[in-house]
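Engineer: My structure is stored as data-v5.tsv, with TSV, C-alpha atoms.
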chain	number	residue	atom	x	y	z
A	1	MET	CA	33.33	-80.73	-61.64
A	2	ALA	CA	34.69	-82.01	-58.36
A	3	GLU	CA	38.22	-81.12	-57.35
A	4	ILE	CA	39.00	-84.56	-55.88
A	5	VAL	CA	36.86	-87.70	-56.06
A	6	ILE	CA	37.72	-90.70	-53.90
A	7	VAL	CA	36.11	-94.01	-54.85
A	8	GLY	CA	35.66	-96.23	-51.81
A	9	GLY	CA	34.71	-95.26	-48.28
A	10	GLY	CA	36.74	-97.82	-46.35
A	11	ALA	CA	39.79	-97.27	-44.16
A	12	ALA	CA	42.06	-95.98	-46.93
A	13	GLY	CA	39.35	-93.88	-48.60
A	14	MET	CA	38.32	-92.10	-45.41
A	15	MET	CA	41.91	-91.44	-44.33
A	16	CYS	CA	42.85	-90.12	-47.76
A	17	ALA	CA	39.79	-87.85	-47.83
A	18	ALA	CA	40.68	-86.45	-44.43
A	19	HIS	CA	44.29	-85.68	-45.36
A	20	ALA	CA	43.35	-84.04	-48.65
A	21	ALA	CA	40.63	-81.95	-46.97
A	22	GLU	CA	43.01	-80.98	-44.16
A	23	GLY	CA	45.08	-79.36	-46.89
A	24	GLY	CA	42.10	-77.25	-47.91
A	25	ARG	CA	40.97	-79.33	-50.87
A	26	GLU	CA	37.38	-79.97	-51.90
A	27	VAL	CA	36.71	-83.70	-51.64
A	28	LEU	CA	33.82	-85.91	-52.76
A	29	LEU	CA	33.82	-89.43	-51.31
A	30	LEU	CA	31.78	-92.09	-53.13
A	31	GLU	CA	30.74	-95.35	-51.42
A	32	LYS	CA	28.52	-98.01	-52.97
A	33	ASN	CA	27.41	-99.42	-49.60
A	34	GLU	CA	24.79	-97.95	-47.29
A	35	LYS	CA	27.47	-96.80	-44.85
A	36	LEU	CA	31.18	-96.06	-44.62
A	37	GLY	CA	33.73	-98.51	-43.25
A	38	LYS	CA	31.73	-101.71	-43.75
A	39	LYS	CA	34.80	-103.95	-43.94
A	40	LEU	CA	36.56	-101.95	-41.23
A	41	PHE	CA	33.62	-102.74	-38.97
A	42	ILE	CA	34.39	-106.49	-39.01
A	43	THR	CA	38.18	-106.12	-38.83
A	44	GLY	CA	39.78	-107.96	-35.94
A	45	LYS	CA	36.49	-109.75	-35.23
A	46	GLY	CA	34.87	-106.39	-34.65
A	47	ARG	CA	37.63	-105.09	-32.37
A	48	CYS	CA	39.71	-103.44	-35.12
A	49	ASN	CA	43.44	-104.04	-34.74
A	50	LEU	CA	44.12	-100.66	-36.29
A	51	THR	CA	47.94	-100.79	-36.26
A	52	ASN	CA	51.01	-102.22	-34.55
A	53	GLU	CA	53.54	-100.44	-32.39
A	54	ALA	CA	56.35	-101.66	-34.68
A	55	GLY	CA	58.54	-98.99	-36.26
A	56	PRO	CA	58.92	-98.69	-40.05
A	57	GLU	CA	61.85	-101.12	-40.36
A	58	GLN	CA	60.18	-103.80	-38.24
A	59	MET	CA	56.90	-103.19	-40.03
A	60	MET	CA	58.51	-103.76	-43.42
A	61	GLU	CA	59.82	-107.10	-42.19
A	62	CYS	CA	56.18	-108.13	-41.70
A	63	ILE	CA	55.13	-107.03	-45.18
A	64	ILE	CA	55.14	-109.97	-47.58
A	65	SER	CA	54.75	-108.31	-50.98
A	66	ASN	CA	56.86	-105.28	-51.93
A	67	PRO	CA	57.98	-104.07	-48.50
A	68	ARG	CA	60.50	-101.58	-49.92
A	69	PHE	CA	57.73	-99.85	-51.84
A	70	MET	CA	56.24	-98.94	-48.45
A	71	ASN	CA	59.43	-97.40	-47.07
A	72	SER	CA	58.60	-93.79	-47.85
A	73	SER	CA	54.92	-93.81	-46.86
A	74	LEU	CA	55.56	-95.76	-43.63
A	75	ARG	CA	58.17	-93.24	-42.59
A	76	SER	CA	56.01	-90.23	-43.43
A	77	PHE	CA	52.95	-91.70	-41.69
A	78	SER	CA	54.10	-94.40	-39.26
A	79	SER	CA	52.18	-96.44	-36.72
A	80	GLU	CA	53.15	-93.77	-34.19
A	81	ASP	CA	51.46	-91.20	-36.42
A	82	THR	CA	48.38	-93.42	-36.66
A	83	VAL	CA	48.17	-93.62	-32.87
A	84	ARG	CA	48.60	-89.87	-32.58
A	85	TYR	CA	46.01	-89.19	-35.29
A	86	PHE	CA	43.29	-91.24	-33.63
A	87	SER	CA	44.21	-90.15	-30.13
A	88	GLU	CA	43.81	-86.53	-31.19
A	89	ARG	CA	40.35	-87.47	-32.46
A	90	GLY	CA	39.45	-88.61	-28.93
A	91	LEU	CA	39.85	-92.36	-29.50
A	92	ALA	CA	41.43	-94.12	-26.49
A	93	LEU	CA	43.78	-96.92	-27.54
A	94	LYS	CA	45.51	-99.89	-25.90
A	95	THR	CA	48.39	-102.20	-26.78
A	96	GLU	CA	48.10	-105.97	-26.55
A	97	ARG	CA	50.28	-109.03	-27.20
A	98	GLY	CA	52.59	-108.70	-30.17
A	99	GLY	CA	52.35	-104.91	-30.20
A	100	ARG	CA	48.80	-105.00	-31.58
A	101	ILE	CA	46.93	-101.73	-31.01
A	102	PHE	CA	43.15	-101.70	-30.50
A	103	PRO	CA	40.52	-99.19	-29.42
A	104	GLU	CA	40.24	-99.31	-25.65
A	105	SER	CA	36.52	-99.98	-26.13
A	106	ASP	CA	37.21	-103.03	-28.33
A	107	LYS	CA	34.73	-101.55	-30.81
A	108	SER	CA	35.63	-101.03	-34.46
A	109	SER	CA	32.62	-98.72	-34.69
A	110	ASP	CA	34.54	-96.20	-32.58
A	111	VAL	CA	37.34	-96.10	-35.18
A	112	ILE	CA	34.80	-95.51	-37.94
A	113	ARG	CA	33.02	-92.87	-35.87
A	114	ALA	CA	36.28	-90.98	-35.30
A	115	LEU	CA	36.94	-90.88	-39.04
A	116	GLU	CA	33.37	-89.92	-39.90
A	117	LYS	CA	33.47	-87.09	-37.39
A	118	ARG	CA	36.70	-85.81	-38.90
A	119	LEU	CA	35.24	-85.90	-42.41
A	120	GLU	CA	32.23	-83.97	-41.17
A	121	GLU	CA	34.47	-81.36	-39.53
A	122	LEU	CA	36.34	-80.95	-42.81
A	123	SER	CA	33.12	-80.67	-44.88
A	124	VAL	CA	33.97	-83.69	-47.02
A	125	ARG	CA	30.97	-84.48	-49.21
A	126	ILE	CA	29.84	-88.11	-48.98
A	127	ARG	CA	27.56	-89.98	-51.33
A	128	LEU	CA	26.44	-93.42	-50.20
A	129	HIS	CA	24.67	-96.04	-52.36
A	130	THR	CA	26.75	-94.72	-55.25
A	131	GLU	CA	28.56	-97.26	-57.41
A	132	VAL	CA	31.26	-96.26	-59.88
A	133	THR	CA	31.03	-98.56	-62.90
A	134	GLY	CA	33.81	-97.12	-65.02
A	135	ILE	CA	36.48	-94.43	-65.25
A	136	SER	CA	38.30	-92.84	-68.16
A	137	PRO	CA	40.76	-89.98	-68.60
A	138	SER	CA	39.41	-86.69	-69.93
A	139	GLU	CA	40.96	-83.38	-70.94
A	140	GLU	CA	40.36	-81.83	-67.54
A	141	GLY	CA	40.93	-84.93	-65.40
A	142	TYR	CA	38.73	-88.01	-65.18
A	143	LEU	CA	35.23	-89.00	-66.18
A	144	LEU	CA	33.35	-91.42	-63.92
A	145	SER	CA	30.33	-93.48	-64.86
A	146	VAL	CA	28.16	-93.68	-61.76
A	147	ARG	CA	25.06	-95.65	-60.81
A	148	SER	CA	22.88	-94.02	-58.14
A	149	PRO	CA	20.65	-95.85	-55.59
A	150	ARG	CA	17.66	-96.08	-57.91
A	151	GLY	CA	19.72	-97.36	-60.81
A	152	LYS	CA	20.04	-93.97	-62.48
A	153	GLU	CA	23.17	-93.64	-64.59
A	154	GLU	CA	25.11	-90.40	-64.55
A	155	ASN	CA	28.58	-89.03	-65.24
A	156	LEU	CA	30.82	-87.21	-62.79
A	157	ARG	CA	33.97	-85.28	-63.57
A	158	ALA	CA	36.99	-85.02	-61.31
A	159	LYS	CA	40.23	-83.10	-61.61
A	160	ALA	CA	41.93	-85.79	-59.52
A	161	LEU	CA	40.81	-89.30	-58.70
A	162	VAL	CA	41.69	-91.77	-55.94
A	163	ILE	CA	40.89	-95.48	-56.19
A	164	ALA	CA	40.40	-96.90	-52.66
A	165	THR	CA	38.07	-99.77	-53.47
A	166	GLY	CA	39.86	-102.52	-51.55
A	167	GLY	CA	40.51	-106.00	-52.90
A	168	LEU	CA	38.41	-109.15	-53.18
A	169	SER	CA	38.34	-110.38	-49.60
A	170	TYR	CA	35.01	-110.39	-47.74
A	171	PRO	CA	33.04	-109.52	-50.93
A	172	ALA	CA	29.85	-109.16	-48.87
A	173	THR	CA	31.31	-105.89	-47.58
A	174	GLY	CA	31.57	-104.52	-51.11
A	175	SER	CA	35.14	-105.60	-51.87
A	176	THR	CA	34.42	-107.04	-55.30
A	177	GLY	CA	37.53	-106.06	-57.24
A	178	ASP	CA	36.24	-102.80	-58.74
A	179	GLY	CA	39.64	-101.15	-58.54
A	180	PHE	CA	41.28	-104.02	-60.39
A	181	ARG	CA	38.78	-103.63	-63.21
A	182	PHE	CA	39.42	-99.89	-63.39
A	183	ALA	CA	43.18	-100.44	-63.52
A	184	HIS	CA	42.82	-103.10	-66.20
A	185	SER	CA	40.62	-100.84	-68.33
A	186	LEU	CA	43.39	-98.22	-68.23
A	187	GLY	CA	46.04	-100.73	-69.25
A	188	LEU	CA	47.83	-100.77	-65.91
A	189	ALA	CA	49.74	-103.89	-64.90
A	190	LEU	CA	48.10	-106.16	-62.33
A	191	LYS	CA	49.67	-108.92	-60.28
A	192	ASP	CA	47.71	-112.15	-59.88
A	193	ARG	CA	45.19	-111.96	-57.04
A	194	THR	CA	44.77	-114.74	-54.46
A	195	PRO	CA	43.20	-114.96	-50.99
A	196	SER	CA	45.68	-114.37	-48.16
A	197	LEU	CA	45.55	-114.62	-44.38
A	198	VAL	CA	42.99	-117.34	-44.99
A	199	PRO	CA	42.17	-120.75	-43.44
A	200	MET	CA	43.32	-123.97	-45.12
A	201	LYS	CA	41.59	-127.09	-46.37
A	202	VAL	CA	43.00	-130.51	-45.49
A	203	LYS	CA	42.66	-134.05	-46.80
A	204	GLU	CA	41.79	-135.44	-43.35
A	205	ILE	CA	38.51	-133.54	-43.22
A	206	GLU	CA	36.64	-136.14	-41.14
A	207	GLU	CA	39.23	-135.97	-38.39
A	208	CYS	CA	39.11	-132.17	-38.45
A	209	ARG	CA	35.34	-132.21	-38.14
A	210	ARG	CA	35.69	-134.36	-35.02
A	211	LEU	CA	38.23	-131.87	-33.67
A	212	MET	CA	36.19	-128.81	-34.73
A	213	GLY	CA	36.54	-125.96	-32.25
A	214	LEU	CA	39.70	-127.35	-30.64
A	215	SER	CA	42.35	-124.67	-30.28
A	216	LEU	CA	45.94	-125.81	-29.83
A	217	LYS	CA	48.13	-123.26	-28.09
A	218	ASN	CA	51.91	-123.31	-27.69
A	219	THR	CA	52.12	-125.66	-30.66
A	220	GLY	CA	54.80	-126.01	-33.32
A	221	ILE	CA	54.07	-126.40	-37.04
A	222	ALA	CA	56.17	-127.03	-40.13
A	223	PHE	CA	54.94	-127.06	-43.74
A	224	ARG	CA	57.01	-129.29	-46.00
A	225	LYS	CA	57.09	-129.88	-49.73
A	226	GLU	CA	59.37	-132.53	-51.22
A	227	GLY	CA	61.47	-132.56	-48.08
A	228	LYS	CA	61.92	-128.77	-47.93
A	229	VAL	CA	60.48	-126.74	-45.06
A	230	LEU	CA	58.48	-123.83	-46.54
A	231	PHE	CA	57.21	-122.33	-43.29
A	232	ARG	CA	57.74	-122.96	-39.59
A	233	ASP	CA	56.03	-121.31	-36.64
A	234	PHE	CA	55.10	-121.62	-32.98
A	235	GLY	CA	51.82	-120.48	-31.46
A	236	GLU	CA	48.11	-121.14	-31.85
A	237	MET	CA	46.01	-123.00	-34.41
A	238	LEU	CA	42.38	-124.07	-34.65
A	239	PHE	CA	40.56	-127.08	-36.10
A	240	THR	CA	37.43	-126.32	-38.13
A	241	HIS	CA	34.75	-128.23	-40.02
A	242	PHE	CA	36.78	-127.90	-43.24
A	243	GLY	CA	40.37	-128.01	-41.98
A	244	ILE	CA	42.55	-125.63	-40.01
A	245	SER	CA	42.69	-121.96	-39.09
A	246	GLY	CA	44.09	-119.73	-36.36
A	247	PRO	CA	46.96	-117.18	-36.26
A	248	MET	CA	49.75	-119.51	-37.35
A	249	ILE	CA	47.74	-120.92	-40.25
A	250	LEU	CA	46.73	-117.47	-41.51
A	251	SER	CA	50.37	-116.36	-41.42
A	252	ALA	CA	51.41	-119.51	-43.28
A	253	SER	CA	48.87	-118.77	-46.03
A	254	ALA	CA	50.60	-115.44	-46.63
A	255	ARG	CA	54.09	-116.94	-46.74
A	256	ILE	CA	53.63	-120.15	-48.75
A	257	PRO	CA	53.53	-119.79	-52.55
A	258	GLY	CA	50.29	-120.83	-54.23
A	259	ASP	CA	51.79	-123.58	-56.39
A	260	ALA	CA	52.97	-125.45	-53.27
A	261	TYR	CA	49.46	-126.77	-52.64
A	262	LYS	CA	49.32	-128.69	-55.92
A	263	GLY	CA	49.36	-132.40	-55.15
A	264	GLY	CA	49.12	-131.70	-51.41
A	265	LEU	CA	51.33	-129.96	-48.89
A	266	SER	CA	52.60	-131.76	-45.78
A	267	LEU	CA	51.88	-130.14	-42.42
A	268	ILE	CA	53.66	-131.56	-39.38
A	269	ILE	CA	52.29	-130.52	-35.99
A	270	ASP	CA	54.48	-130.78	-32.88
A	271	LEU	CA	51.96	-131.19	-30.08
A	272	LYS	CA	54.67	-130.91	-27.42
A	273	PRO	CA	57.28	-128.48	-28.76
A	274	ALA	CA	58.57	-127.61	-25.27
A	275	LEU	CA	59.83	-131.17	-24.84
A	276	SER	CA	62.53	-132.86	-26.86
A	277	GLN	CA	61.76	-136.37	-28.06
A	278	GLU	CA	63.91	-137.76	-25.25
A	279	LYS	CA	62.23	-135.62	-22.57
A	280	LEU	CA	58.79	-136.50	-23.90
A	281	ASP	CA	59.64	-140.19	-23.81
A	282	GLN	CA	60.67	-139.81	-20.16
A	283	ARG	CA	57.35	-138.09	-19.50
A	284	LEU	CA	55.47	-140.96	-21.16
A	285	LEU	CA	57.35	-143.53	-19.11
A	286	ARG	CA	56.46	-141.70	-15.88
A	287	ASP	CA	52.79	-141.43	-16.87
A	288	PHE	CA	52.73	-145.09	-17.88
A	289	LYS	CA	54.25	-146.16	-14.58
A	290	GLU	CA	51.65	-144.19	-12.60
A	291	SER	CA	48.85	-145.81	-14.63
A	292	GLU	CA	50.39	-149.22	-15.33
A	293	ASN	CA	47.32	-151.18	-14.20
A	294	ARG	CA	44.80	-148.93	-15.93
A	295	ASN	CA	43.53	-148.87	-19.50
A	296	PHE	CA	45.82	-147.11	-21.96
A	297	ILE	CA	43.35	-144.28	-22.67
A	298	HIS	CA	43.57	-143.10	-19.04
A	299	ALA	CA	47.33	-142.64	-19.25
A	300	LEU	CA	47.00	-139.75	-21.73
A	301	HIS	CA	44.44	-137.53	-20.00
A	302	GLY	CA	47.10	-135.34	-18.41
A	303	LEU	CA	49.02	-135.04	-21.66
A	304	LEU	CA	46.46	-134.07	-24.31
A	305	PRO	CA	43.12	-132.26	-24.65
A	306	GLY	CA	40.22	-134.68	-24.30
A	307	LYS	CA	38.89	-133.89	-27.77
A	308	LEU	CA	42.20	-134.93	-29.34
A	309	LEU	CA	42.48	-138.29	-27.52
A	310	PRO	CA	40.23	-140.40	-29.80
A	311	VAL	CA	42.10	-139.28	-32.93
A	312	ILE	CA	45.50	-139.92	-31.34
A	313	LEU	CA	44.36	-143.35	-30.15
A	314	GLU	CA	43.17	-144.31	-33.61
A	315	ARG	CA	46.35	-143.13	-35.28
A	316	SER	CA	48.58	-144.84	-32.72
A	317	GLN	CA	46.74	-148.13	-33.33
A	318	ILE	CA	46.97	-148.89	-29.61
A	319	PRO	CA	43.66	-150.30	-28.28
A	320	PRO	CA	42.21	-147.82	-25.74
A	321	ASP	CA	41.35	-150.65	-23.33
A	322	LYS	CA	44.81	-152.19	-23.45
A	323	LYS	CA	46.49	-152.23	-20.05
A	324	VAL	CA	49.29	-149.72	-19.83
A	325	HIS	CA	51.78	-152.30	-18.58
A	326	SER	CA	51.13	-154.27	-21.79
A	327	VAL	CA	52.00	-151.41	-24.14
A	328	THR	CA	55.09	-152.44	-26.09
A	329	ARG	CA	58.15	-150.32	-26.73
A	330	GLN	CA	57.29	-150.17	-30.43
A	331	GLU	CA	53.80	-148.90	-29.61
A	332	ARG	CA	55.20	-146.27	-27.24
A	333	GLU	CA	57.66	-145.10	-29.88
A	334	ARG	CA	54.86	-144.89	-32.43
A	335	LEU	CA	52.87	-142.73	-30.00
A	336	LEU	CA	55.93	-140.60	-29.34
A	337	ARG	CA	56.44	-139.89	-33.05
A	338	LEU	CA	52.77	-139.02	-33.39
A	339	LEU	CA	52.95	-136.49	-30.58
A	340	LYS	CA	56.02	-134.83	-32.07
A	341	GLU	CA	55.02	-135.19	-35.73
A	342	PHE	CA	51.25	-135.27	-36.11
A	343	PRO	CA	50.75	-135.16	-39.91
A	344	LEU	CA	48.07	-133.51	-42.02
A	345	THR	CA	47.88	-132.96	-45.77
A	346	VAL	CA	46.90	-129.44	-46.83
A	347	THR	CA	45.06	-129.43	-50.16
A	348	GLY	CA	44.49	-125.70	-50.63
A	349	LEU	CA	43.15	-122.43	-49.26
A	350	ARG	CA	39.63	-121.31	-48.51
A	351	GLY	CA	38.10	-118.55	-50.61
A	352	TYR	CA	37.88	-114.77	-50.53
A	353	GLU	CA	34.78	-115.01	-48.31
A	354	GLU	CA	37.09	-115.92	-45.42
A	355	ALA	CA	40.31	-114.17	-46.46
A	356	VAL	CA	41.42	-111.22	-44.35
A	357	ILE	CA	43.15	-109.62	-47.34
A	358	THR	CA	43.89	-110.01	-51.04
A	359	LYS	CA	47.40	-110.80	-52.22
A	360	GLY	CA	48.25	-109.17	-55.54
A	361	GLY	CA	46.71	-106.15	-57.22
A	362	VAL	CA	47.91	-103.04	-59.02
A	363	SER	CA	51.62	-103.45	-59.67
A	364	VAL	CA	53.71	-101.10	-57.53
A	365	LYS	CA	55.85	-100.47	-60.61
A	366	GLU	CA	52.91	-98.42	-61.87
A	367	ILE	CA	52.87	-96.19	-58.76
A	368	HIS	CA	55.07	-93.45	-57.31
A	369	PRO	CA	55.86	-94.73	-53.78
A	370	LYS	CA	55.99	-91.27	-52.19
A	371	THR	CA	52.60	-90.11	-53.47
A	372	MET	CA	50.68	-93.23	-54.67
A	373	GLU	CA	50.11	-91.42	-57.98
A	374	SER	CA	50.02	-93.40	-61.20
A	375	ARG	CA	53.18	-93.05	-63.28
A	376	LYS	CA	51.12	-93.17	-66.49
A	377	TYR	CA	48.11	-91.08	-65.47
A	378	PRO	CA	48.76	-87.81	-63.61
A	379	GLY	CA	46.11	-87.10	-61.00
A	380	LEU	CA	45.15	-90.77	-60.58
A	381	TYR	CA	46.01	-92.42	-57.25
A	382	PHE	CA	45.69	-95.92	-55.81
A	383	VAL	CA	45.66	-96.57	-52.05
A	384	GLY	CA	45.10	-99.47	-49.66
A	385	GLU	CA	44.37	-103.09	-50.52
A	386	VAL	CA	43.97	-102.44	-54.26
A	387	LEU	CA	47.78	-102.23	-54.40
A	388	ASP	CA	50.06	-105.27	-54.64
A	389	VAL	CA	51.16	-104.93	-51.02
A	390	ASP	CA	50.15	-107.32	-48.24
A	391	ALA	CA	51.39	-108.24	-44.78
A	392	LEU	CA	51.02	-110.65	-41.89
A	393	THR	CA	48.32	-110.31	-39.24
A	394	GLY	CA	48.92	-107.93	-36.36
A	395	GLY	CA	47.68	-104.54	-37.58
A	396	TYR	CA	50.18	-104.29	-40.45
A	397	ASN	CA	47.65	-104.36	-43.27
A	398	LEU	CA	45.59	-101.53	-41.82
A	399	GLN	CA	48.78	-99.53	-41.36
A	400	ILE	CA	49.45	-100.04	-45.07
A	401	ALA	CA	46.01	-98.54	-45.69
A	402	TRP	CA	46.62	-95.57	-43.39
A	403	SER	CA	50.12	-94.86	-44.74
A	404	THR	CA	49.29	-95.10	-48.45
A	405	ALA	CA	46.14	-93.04	-47.91
A	406	ALA	CA	48.00	-90.33	-45.99
A	407	ALA	CA	50.69	-90.20	-48.70
A	408	ALA	CA	48.09	-89.70	-51.44
A	409	GLY	CA	46.03	-87.24	-49.41
A	410	ARG	CA	49.02	-85.06	-48.63
A	411	ALA	CA	50.19	-85.19	-52.24
A	412	LEU	CA	46.74	-84.10	-53.39
A	413	ALA	CA	46.74	-81.26	-50.88
A	414	GLU	CA	50.09	-80.03	-52.22
A	415	ARG	CA	49.44	-80.68	-55.91
A	416	LYS	CA	49.31	-77.53	-58.07
A	417	PRO	CA	47.35	-76.76	-60.07
A	418	ILE	CA	44.41	-78.99	-59.30
Mind turning the file's structure into structure tokens?
Structural biologist:
Amino acid sequence: MAEIVIVGGGAAGMMCAAHAAEGGREVLLLEKNEKLGKKLFITGKGRCNLTNEAGPEQMMECIISNPRFMNSSLRSFSSEDTVRYFSERGLALKTERGGRIFPESDKSSDVIRALEKRLEELSVRIRLHTEVTGISPSEEGYLLSVRSPRGKEENLRAKALVIATGGLSYPATGSTGDGFRFAHSLGLALKDRTPSLVPMKVKEIEECRRLMGLSLKNTGIAFRKEGKVLFRDFGEMLFTHFGISGPMILSASARIPGDAYKGGLSLIIDLKPALSQEKLDQRLLRDFKESENRNFIHALHGLLPGKLLPVILERSQIPPDKKVHSVTRQERERLLRLLKEFPLTVTGLRGYEEAVITKGGVSVKEIHPKTMESRKYPGLYFVGEVLDVDALTGGYNLQIAWSTAAAAGRALAERKPI
């Protein structure tokens, strides 16, 4: 019988294993993939934004679901503690825009290597290619049904058990909702799961395909439903072959409720947020005067990216070969409104294959916030993305993984008897 079994060798699983083993506990880490940290490897486009320099209060402001639940664990293992932990493991770090913290090497593999080395130092046993298919309470702890690499079925016993299986996002990395199934089988409450921090689909797909690859920076956006603004932001967005993506769009997907997309959601893009409508009109008049004898299309080259011009021209209904001096006031005003309020209709979100995280999961009402232990099942812990806690981009979601994992690992190390 193992003293502690941790199911899932991702960020939360490895960190929890390390903290429990640092307390002198015997730990067995089970991972169904061929290696540890498979999802961690692709985090931040392979650069691994492993935390944010924000303090606990500021961090909780960036947590969308159940921020107060994270209060205790964020204070006991903060982003500052994360930085210290990895720095002490020899990982050089750097801080970028928005307080985002990355490995100095820009390699997520270095984060994984630091954790693997620590697990090796602590003699944590690791079994790869090992899938847990079911769990159940037993007199002495927990019974696990396990499938080995060659399909052999076996049972393992654990005095204490940690579920660190992640969510549903990027299922190719092994995040296939195993932890949700385990929780459901035990009768624990689950909150509805949806993709989050995910690109969006739009009605105007043909236009987006023409604009594919165009990144708009220093742009304003506002999502509206029945006249009410649901989300507003300023920053960067990207056109894709299916719709829109980029930092602002991912953040919006986390903030906007799922039912808002039914029947379409209005997105208004301000292409020139630094200029008021009056100032932009003055700019147009100056540009028109300088190009008054040229074709209309040439008057916009200094104002917009070249890839966007054909779409703007079509929407403005001003012929591209019309002489600038012939453009009417009504046409100019129509162009002005288009530049300040470029509309798109959002029809929904992309799937888990492209979602950074999963929104929803094991209800936090089932979990002790200081230890991540189940309220119903002593010795059973849930950490990381399997919990109903999610945040914006910027390193916050990985910090949730580190903090919940550290809380559980320390609680396991202190738990008596075990």
Engineer: Within 12 Å of Asp233 of chain A, counting all atoms listed in the file, which residues qualify if same-chain residues fewer than 5 places away don't, as a list in words?
Structural biologist: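 Surrounding residues, per the criterion: Lys217, Asn218, Thr219, Gly220, Ile221, Ala222, Phe223, Pro247, Met248, Ile249, Leu250, Ser251, Ala252, Arg255, Leu267, Ile268, Ile269, Asp270 and Pro273 of chain A.
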Engineer: Point out the residue among A:Gly134, A:Leu211, A:Lys416, A:Arg75 with the least atom-to-atom distance to Phe182 of chain A, counting all atoms listed in the file.
Structural biologist: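 Ranked by minimum distance to Phe182 of chain A, first place goes to A:Gly134.
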Engineer: Between atom CA of Met200 of chain A and atom CA of Gly263 of chain A, what is the spacing in Å?
Structural biologist: 14.4 Å
Engineer: Write out, as a Markdown table, each residue of segment 340-382 of chain A that has an atom at most 12 Å from segment 298-313 of chain A, together with the closest pair of atoms and their distance in Å to one decimal, counting only C-alpha atoms, rows going by chain and rising number.
Structural biologist:
| residue | atom | partner | partner_atom | distance |
| --- | --- | --- | --- | --- |
| A:Lys340 | CA | A:Ile312 | CA | 11.7 |
| A:Glu341 | CA | A:Ile312 | CA | 11.5 |
| A:Phe342 | CA | A:Ile312 | CA | 8.8 |
| A:Pro343 | CA | A:Ile312 | CA | 11.1 |
Engineer: If I put a ball of radius 8 Å at (32.1, -82.8, -57.8) in the file's coordinates, which residues poke into it when counting all atoms listed in the file, written as a ChimeraX atom specification?
Structural biologist: /A:1-5,27-28,156-158
Engineer: Between A:Arg315, A:Lys152, A:Lys201, A:Arg410, which has the minimum distance to Arg350 of chain A (counting only C-alpha atoms)?
Structural biologist: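 That would be A:Lys201, the residue with the smallest distance to Arg350 of chain A.
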Engineer: So, counting only C-alpha atoms, which residue among A:Ser245, A:Ser136, A:Thr240, A:Gln58 is closest to Met212 of chain A?
Structural biologist: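 Of A:Ser245, A:Ser136, A:Thr240, A:Gln58, the one nearest Met212 of chain A is A:Thr240, counting only C-alpha atoms.
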Engineer: Using all atoms listed in the file, which of A:Ser79, A:Ser326, A:Glu88, A:Asp388 sits nearest Gly55 of chain A?
Structural biologist: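 Ranked by minimum distance to Gly55 of chain A, first place goes to A:Ser79.
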Engineer: Have a look at atom CA of Leu336 of chain A and atom CA of Ala260 of chain A and let me know their distance in Å, one decimal.
Structural biologist: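 Taking atom CA of Leu336 of chain A as the start and atom CA of Ala260 of chain A as the end point, the length is 28.5 Å.
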Engineer: Suppose you want the space between atom CA of Leu216 of chain A and atom CA of Ile42 of chain A; what is it in Å?
Structural biologist: 24.3 Å
Engineer: Which residues, written as an MDAnalysis selection string, have at least one atom at most 12 Å from Met60 of chain A, with only C-alpha atoms counted and residues fewer than 6 positions away on the same chain left out?
Structural biologist: chainID A and resid 52 54 66:75 78:79 389:392 396:397 399:400
Engineer: At a cut-off of 9 Å, using only C-alpha atoms, what residues contact Asp178 of chain A? Leave out same-chain residues fewer than 5 positions from it and give the result as a ChimeraX atom specification.
Structural biologist: /A:132-134,165-168,183,386
Engineer: Box for segment 90-97 of chain A: with edges along x, y and z, all listed atoms inside and 3 Å added on each side, what are the centre and edge lengths in Å to one decimal, as JSON?
Structural biologist:
{"center_x": 44.9, "center_y": -98.8, "center_z": -27.7, "size_x": 16.8, "size_y": 26.4, "size_z": 9.6}
Engineer: Show which residues sit within 10 Å of His19 of chain A, as a list of chain:residue names. Count all atoms listed in the file, and ignore same-chain residues fewer than 5 positions away.
Structural biologist: A:Met14, A:Gly24, A:Arg25, A:Arg118, A:Leu119, A:Leu122, A:Ala405, A:Ala406, A:Ala407, A:Ala408, A:Gly409, A:Arg410, A:Ala411, A:Leu412, A:Ala413
Engineer: Restricting the calculation to all atoms listed in the file: of A:His129, A:Ile112, A:Lys94, A:Ser76, which residue gets closest to Lys32 of chain A?
Structural biologist: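 The answer is A:His129, which sits nearest to Lys32 of chain A.
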Engineer: Which is closer to Ile256 of chain A than all the others in A:Gly213, A:Gly177, A:Gly394, A:Pro195, using all atoms listed in the file?
Structural biologist: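 Once distances to Ile256 of chain A are computed over all atoms listed in the file, the minimum belongs to A:Pro195.
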Engineer: Around (38.8, -94.9, -42.9) in the file's frame, which residues reach within 10 Å when counting all atoms listed in the file? Return as number ranges by chain?
Structural biologist: A: 8-18, 36-40, 111-116, 119, 398, 401-402, 405
